[in-house]
Amino acid sequence: MNKTMSEKLKKRTFADTVLSCIFCFCAIVGVVYQFIGYVNHPKIKEYISNGLFTIVIFAELCFLSLILLEIRKTGKPFSKKIITKLRLMAIILFGGGLIPSYMTSSISENESLVSATFDMQNILIITLGVIIGIISEIFVYGLSLQEDNDSIA
């Protein structure tokens with residue numbers, strides 16, 4: 001990749017990097033909020049599933065931030081580090097899709113019913129994990145092309 005393309009890529013990813021870092025911070029605040037909510041109201045099980053989903057979001061945003069920082073540092077979108085991070089993102093999303101959603105319904109003043117559901121939200125999350133896994137394989141091919149191009153130039 002030539003120098004001007006690398007510099008343009010670094011400039012284009014600046015705002016994305018900053019935003020992903022801000023969202024990553026917001027996600028960790030959300031995790032803390034959910035678990036504090038569970039500590040204060042242990043009968044409400046939604047706090048557990050929401051906290052776990054928020055941890056998945058936090059991890060995804062952290063990996064996205066790390067990928068964007070790597071691109072800004074090297075100026076190259078295809079590297080073994082980025083491929084590894086994309087694969088980890090796929091695994092985390094796939095695992096996050098297996099987390100059931102909890103619903104707490106009050107039966108009486110002292111009793112509540114907790115139900116765990118596995119719905120289309122879970123299927124969507126698993127599908128997104130598979131898509132990111134496929135994109136990581138495309139990045140493997142892009143890395144190969146980039147290495148061939150760099151050896152020719």
# chains A, B, ... in the order shown; residues from 1 in each chain; ligands from 1

$ residues_around --residues "region 46-55 of chain A" --least-positions-apart "5" --cutoff "7 Å" --atoms "only C-alpha atoms" --output "number ranges by chain"
A: 27, 30-31, 34-35, 37-38, 96, 100-104

$ select_by_dssp --residues "chain A" --states "strand (DSSP E or B)" --output "MDAnalysis selection string"
chainID A and resid 101:106 112:117

$ closest_residue --among "A:Ile83, A:Ile126, A:Val18, A:Ile57" --to "Leu143 (chain A)" --atoms "only C-alpha atoms"
A:Ile83

$ residues_around --residues "Ile22 (chain A)" --least-positions-apart "6" --cutoff "12 Å" --atoms "only C-alpha atoms" --output "PDB file with N, CA and C atoms, in the first residue's frame"
ATOM      1  N   ALA A  15     -12.099   9.416  13.394  1.00  0.00           N
ATOM      2  CA  ALA A  15     -13.390   9.616  14.066  1.00  0.00           C
ATOM      3  C   ALA A  15     -13.976   8.272  14.515  1.00  0.00           C
ATOM      4  N   ASP A  16     -13.818   7.240  13.696  1.00  0.00           N
ATOM      5  CA  ASP A  16     -14.318   5.915  14.070  1.00  0.00           C
ATOM      6  C   ASP A  16     -13.630   5.400  15.328  1.00  0.00           C
ATOM      7  N   ILE A  28     -19.025  -0.096  29.430  1.00  0.00           N
ATOM      8  CA  ILE A  28     -18.551  -0.536  30.752  1.00  0.00           C
ATOM      9  C   ILE A  28     -19.381   0.135  31.842  1.00  0.00           C
ATOM     10  N   VAL A  29     -19.797   1.371  31.611  1.00  0.00           N
ATOM     11  CA  VAL A  29     -20.694   2.038  32.556  1.00  0.00           C
ATOM     12  C   VAL A  29     -22.022   1.278  32.616  1.00  0.00           C
ATOM     13  N   PHE A  58     -19.532  -4.633  25.321  1.00  0.00           N
ATOM     14  CA  PHE A  58     -18.267  -4.024  25.744  1.00  0.00           C
ATOM     15  C   PHE A  58     -17.078  -4.711  25.068  1.00  0.00           C
ATOM     16  N   LEU A  61     -16.951  -3.830  21.344  1.00  0.00           N
ATOM     17  CA  LEU A  61     -16.483  -2.464  21.130  1.00  0.00           C
ATOM     18  C   LEU A  61     -15.006  -2.316  21.441  1.00  0.00           C
ATOM     19  N   CYS A  62     -14.517  -3.038  22.447  1.00  0.00           N
ATOM     20  CA  CYS A  62     -13.086  -3.003  22.757  1.00  0.00           C
ATOM     21  C   CYS A  62     -12.269  -3.567  21.603  1.00  0.00           C
ATOM     22  N   LEU A  64     -13.220  -3.755  18.489  1.00  0.00           N
ATOM     23  CA  LEU A  64     -13.340  -2.816  17.382  1.00  0.00           C
ATOM     24  C   LEU A  64     -12.375  -1.648  17.559  1.00  0.00           C
ATOM     25  N   SER A  65     -12.292  -1.126  18.774  1.00  0.00           N
ATOM     26  CA  SER A  65     -11.354  -0.030  19.054  1.00  0.00           C
ATOM     27  C   SER A  65      -9.912  -0.474  18.809  1.00  0.00           C
TER      28      SER A  65
END

$ closest_residue --among "A:Glu60, A:Glu7, A:Asp119, A:Glu147" --to "Leu86 (chain A)" --atoms "only C-alpha atoms"
A:Glu60

$ closest_residue --among "A:Ala59, A:Cys26, A:Ala116, A:Val140" --to "Leu88 (chain A)" --atoms "only C-alpha atoms"
A:Ala59

$ closest_residue --among "A:Lys45, A:Cys24, A:Phe63, A:Leu68" --to "Arg12 (chain A)" --atoms "only C-alpha atoms"
A:Leu68

$ atom_distance --atom1 "CA of Gly97 (chain A)" --atom2 "CA of Thr13 (chain A)"
28.6 Å

$ residues_around --residues "Leu128 (chain A)" --least-positions-apart "2" --cutoff "10 Å" --atoms "only C-alpha atoms" --output "ChimeraX atom specification"
/A:89-90,93-94,97,122-126,130-134

$ write_last_selection --atoms "C-alpha atoms" --output "PDB file, in the first residue's frame"
ATOM      1  CA  MET A  89     -15.245 -10.975  18.023  1.00  0.00           C
ATOM      2  CA  ALA A  90     -17.052 -13.739  16.115  1.00  0.00           C
ATOM      3  CA  LEU A  93     -20.850 -12.817  19.568  1.00  0.00           C
ATOM      4  CA  PHE A  94     -21.641 -16.471  18.951  1.00  0.00           C
ATOM      5  CA  GLY A  97     -26.141 -15.357  21.351  1.00  0.00           C
ATOM      6  CA  ASN A 122     -30.376 -14.722  20.131  1.00  0.00           C
ATOM      7  CA  ILE A 123     -30.542 -16.041  16.560  1.00  0.00           C
ATOM      8  CA  LEU A 124     -29.634 -12.576  15.259  1.00  0.00           C
ATOM      9  CA  ILE A 125     -26.620 -12.318  17.567  1.00  0.00           C
ATOM     10  CA  ILE A 126     -25.396 -15.785  16.557  1.00  0.00           C
ATOM     11  CA  VAL A 130     -21.059 -16.087  11.906  1.00  0.00           C
ATOM     12  CA  ILE A 131     -20.947 -13.096   9.532  1.00  0.00           C
ATOM     13  CA  ILE A 132     -17.971 -11.592  11.370  1.00  0.00           C
ATOM     14  CA  GLY A 133     -16.275 -15.004  11.223  1.00  0.00           C
ATOM     15  CA  ILE A 134     -16.770 -15.047   7.451  1.00  0.00           C
TER      16      ILE A 134
END

$ atom_distance --atom1 "CA of Ser79 (chain A)" --atom2 "CA of Phe139 (chain A)"
8.0 Å

$ closest_residue --among "A:Ile99, A:Lys85, A:Glu137, A:Leu69" --to "Ser20 (chain A)" --atoms "only C-alpha atoms"
A:Leu69

$ closest_residue --among "A:Ile138, A:Leu9, A:Ile152, A:Cys21" --to "Ile71 (chain A)" --atoms "only C-alpha atoms"
A:Leu9
